[in-house]
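Reading through the structure tokens given below for one structure.
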Amino acid sequence: MAVAELKVPNAANPGAPEPDTPDTLEFGAVQETYLHMVIRRFLKHKLAVAGVLVVLLLIVCALFAPAIAPHDPNAITNNFNAAPSAEYPLGTDRVSRDVLSRLIFGTRVSLTVGFLTVAISVVIGTVLGLISGYFGKAIDMLIMRICDIFMSFPQLMLILVVVSIVGPNTRNITLVLGLLGWPQVTRLVRGNVLSVKQSDYMKACTALGYHVPRKLFKHILPNTLAPILVNATFGIAGNILMEAGLSFLGLGVQPPTASWGNMLTDAQSLTILTSQPWLWVPPGVMIMLSVLAVNFVGDGLRDAIDPKSMS
């Protein structure tokens, strides 16, 4: 790291050697110190650290599902509704498929939907929020009114209608959730841009004649990443729940593709609820565990980057 020393002259004897002073400027140290501070504060949040470990474990399961799963998730055997055993640790479902293998492969679907939908909504919402907050006036009014229109409809009902029209599958679910989730991000980014663009360094950028894209993406966007990141973590948890709910209703991921939501479909029967818990407890626990883990990570990030609670 380059270090530039700020020399403090000796007023009494200009020719004397300069005394050791702490007045040194380490260019780039401010950003590194802030990063270290965020990491240190995040590591103090034990639930957030546990959440990161759980999320990493789920990602490993999703990436290496074919190697981890003991059986083909869609293979039909002769053991219908078999109880947990050495061969089938979580039993089999009513179609005689291995529940554990389907649970592992279902991780892929849930994480894919959760992360991709947030990526789509964050990209759209961030760009529109930057434009709306920076330019203001008619552009701001137009974008905000479009946000109001999207947010005036009950989100679940709107999603159900759109999915019914375009058809239920993993790709459509991801696109629908992503394209309907940007208004919240847009409002969040717009509010931060309205605050940041009044700062002195932005006035200096304008005086230096920087182009608008440079000011937006190099100077304003980095100062709004923290709230966007926190919002994205909570969005991932919400979309995992939404996908599970849609799949449970038959409007999400369709069989034979394994999904935690469509695995719970079998639990609609009272007989299965009471006498075959291996069919609905594992996917229910996985949904709860993944949502809690992501929410804990979001809580830890929020506490770590909040300047009002710095220590």
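Naming works like this for the structure tokens: A, B, ... for the chains as they're shown, residue 1 at the start of each chain, ligands 1 onward in shown order.
The environment of region 193-201 of chain A within 8 Å, counting only C-alpha atoms and disregarding residues fewer than 3 places along the same chain, consists of Gly129, Leu130, Gly133, Tyr134, Val189, Arg190, Ala204, Cys205, Ile220, Asn223 and Thr224 of chain A.
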Which residues in region 34-211 of chain A does DSSP call alpha helix (DSSP H)? List them as a PyMOL selection string. chain A and resi 34-44+46-63+65-68+99-135+137-152+155-166+170-179+182-196+200-207
Can you work out the spacing between CA of Leu229 (chain A) and CA of Gly136 (chain A) in Å, to one decimal?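 Separation of CA of Leu229 (chain A) and CA of Gly136 (chain A): 24.0 Å.
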So which residues touch Ile59 (chain A) within 10 Å, counting only C-alpha atoms, skipping near sequence neighbours fewer than 6 positions away, as a list of chain:residue names?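 So the residues in contact are A:Leu53, A:Ala65, A:Thr107, A:Arg108, A:Leu111, A:Thr112.
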Please produce a file of the residues just selected, as a PDB file, in the first residue's frame, where the atoms kept are N, CA and C atoms.
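Now in part-v2.pdb:
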ATOM      1  N   LEU A  53     -22.741 -19.931   7.513  1.00  0.00           N
ATOM      2  CA  LEU A  53     -22.327 -21.339   7.424  1.00  0.00           C
ATOM      3  C   LEU A  53     -23.436 -22.198   6.834  1.00  0.00           C
ATOM      4  N   ALA A  65     -25.097 -31.709  -5.856  1.00  0.00           N
ATOM      5  CA  ALA A  65     -26.247 -32.574  -5.591  1.00  0.00           C
ATOM      6  C   ALA A  65     -26.121 -33.959  -6.217  1.00  0.00           C
ATOM      7  N   THR A 107     -32.814 -28.243  -3.181  1.00  0.00           N
ATOM      8  CA  THR A 107     -31.998 -27.105  -2.781  1.00  0.00           C
ATOM      9  C   THR A 107     -31.602 -26.277  -3.997  1.00  0.00           C
ATOM     10  N   ARG A 108     -31.334 -26.956  -5.104  1.00  0.00           N
ATOM     11  CA  ARG A 108     -30.966 -26.244  -6.329  1.00  0.00           C
ATOM     12  C   ARG A 108     -32.064 -25.283  -6.764  1.00  0.00           C
ATOM     13  N   LEU A 111     -32.547 -22.229  -4.138  1.00  0.00           N
ATOM     14  CA  LEU A 111     -31.467 -21.244  -4.186  1.00  0.00           C
ATOM     15  C   LEU A 111     -31.415 -20.543  -5.538  1.00  0.00           C
ATOM     16  N   THR A 112     -31.672 -21.275  -6.610  1.00  0.00           N
ATOM     17  CA  THR A 112     -31.674 -20.646  -7.931  1.00  0.00           C
ATOM     18  C   THR A 112     -32.739 -19.571  -8.019  1.00  0.00           C
TER      19      THR A 112
END
Would you kindly return, as a count of residues only, each protein, DNA or RNA residue with an atom no farther than 10 Å from any atom of Ile39 (chain A), considering only C-alpha atoms and excluding same-chain residues fewer than 3 positions away? 11
With only C-alpha atoms as the counted atoms, please give the residues lying no more than 8 Å from region 256-269 of chain A, apart from itself and same-chain residues fewer than 6 positions off, as a count of residues only. 23
Report as a PyMOL selection string all protein, DNA and RNA residues lying within 8 Å of Asp93 (chain A), evaluated on only C-alpha atoms, omitting residues in the same chain fewer than 6 positions from it. chain A and resi 80-82+99+279
Test item: residues at most 12 Å from Thr233 (chain A), only C-alpha atoms, excluding those fewer than 5 positions along its chain, as an MDAnalysis selection string: chainID A and resid 48 51:52 55 114:115 117:119 122 226:228 238:240 290:302
Using only C-alpha atoms, can you tell me which of A:Val38, A:Ala83, A:Leu63, A:Val253 comes closest to Gln276 (chain A)?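 The shortest atom-to-atom distance to Gln276 (chain A) comes from A:Ala83.
A straight line drawn from CA of Ile146 (chain A) to CA of Val161 (chain A) is 19.0 Å long.
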